[in-house]
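Quick notes on the structure that follows.
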Amino acid sequence: MVMNEDSQVLEDNVKRWFFERFHLFNHSIKYTGLNGAVSPSTLTLVSTFSNLHSVTEIDLTGSLPGNDLRYLENVQSLQSLILDSCCLNDHFICPSIHSLGILSLNKNNLANLDQLLLGLGQRAPGIQHLSLLGNPLCPHPCFPAHR
């Protein structure tokens, strides 16, 4: 009985923590940027939540998800992934999700277009829309590259 109460308290605390940092609407998750940064290990835990398997859009703009996003492979229904201003660099590893059709990587530190496209072609071949504005590999006067 005590284990069940402890498990319930833990689950309630995790849910409260999650909803302090993320907005969940229909099949979409958006990082709010409130109450501190989110680490890759935390996002790994979040991606295992059973109710997230139907999520089709994740927006982590401004978070620090790390360069290796394979932990998001648990969300196989994902269609749109927004990683703008996430300090990503040429070591970025896209999750292997064939349903992913939209990937936004604006305002990061990506410099090697060939390497990026090769990795995306292997891990997310369904991408139909890729946005790279504001990266060293795609300079744009309205979106200066991060240095």
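Residues are referred to by chain and number: the chain letter is A, B, ... according to the order shown in the structure tokens, the number counts from 1 in that chain, and ligands are numbered separately from 1 in the order shown.
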Checklist entry - Would you give me, as a VMD selection string, the residues in stretch 26-76 of chain A that DSSP reads as strand (DSSP E or B)? => result chain A and resid 28 to 31 57 to 59 68
Item to check | Spatial neighbours of stretch 62-70 of chain A, max dist 6 Å, only C-alpha atoms, sep filter under 4 positions, as an MDAnalysis selection string | outcome: chainID A and resid 39:40 85:86 88 91:95
Checklist entry - What residues in chain A get the DSSP label alpha helix (DSSP H)? Please answer as a ChimeraX atom specification. => result /A:2-21,40-46,113-123
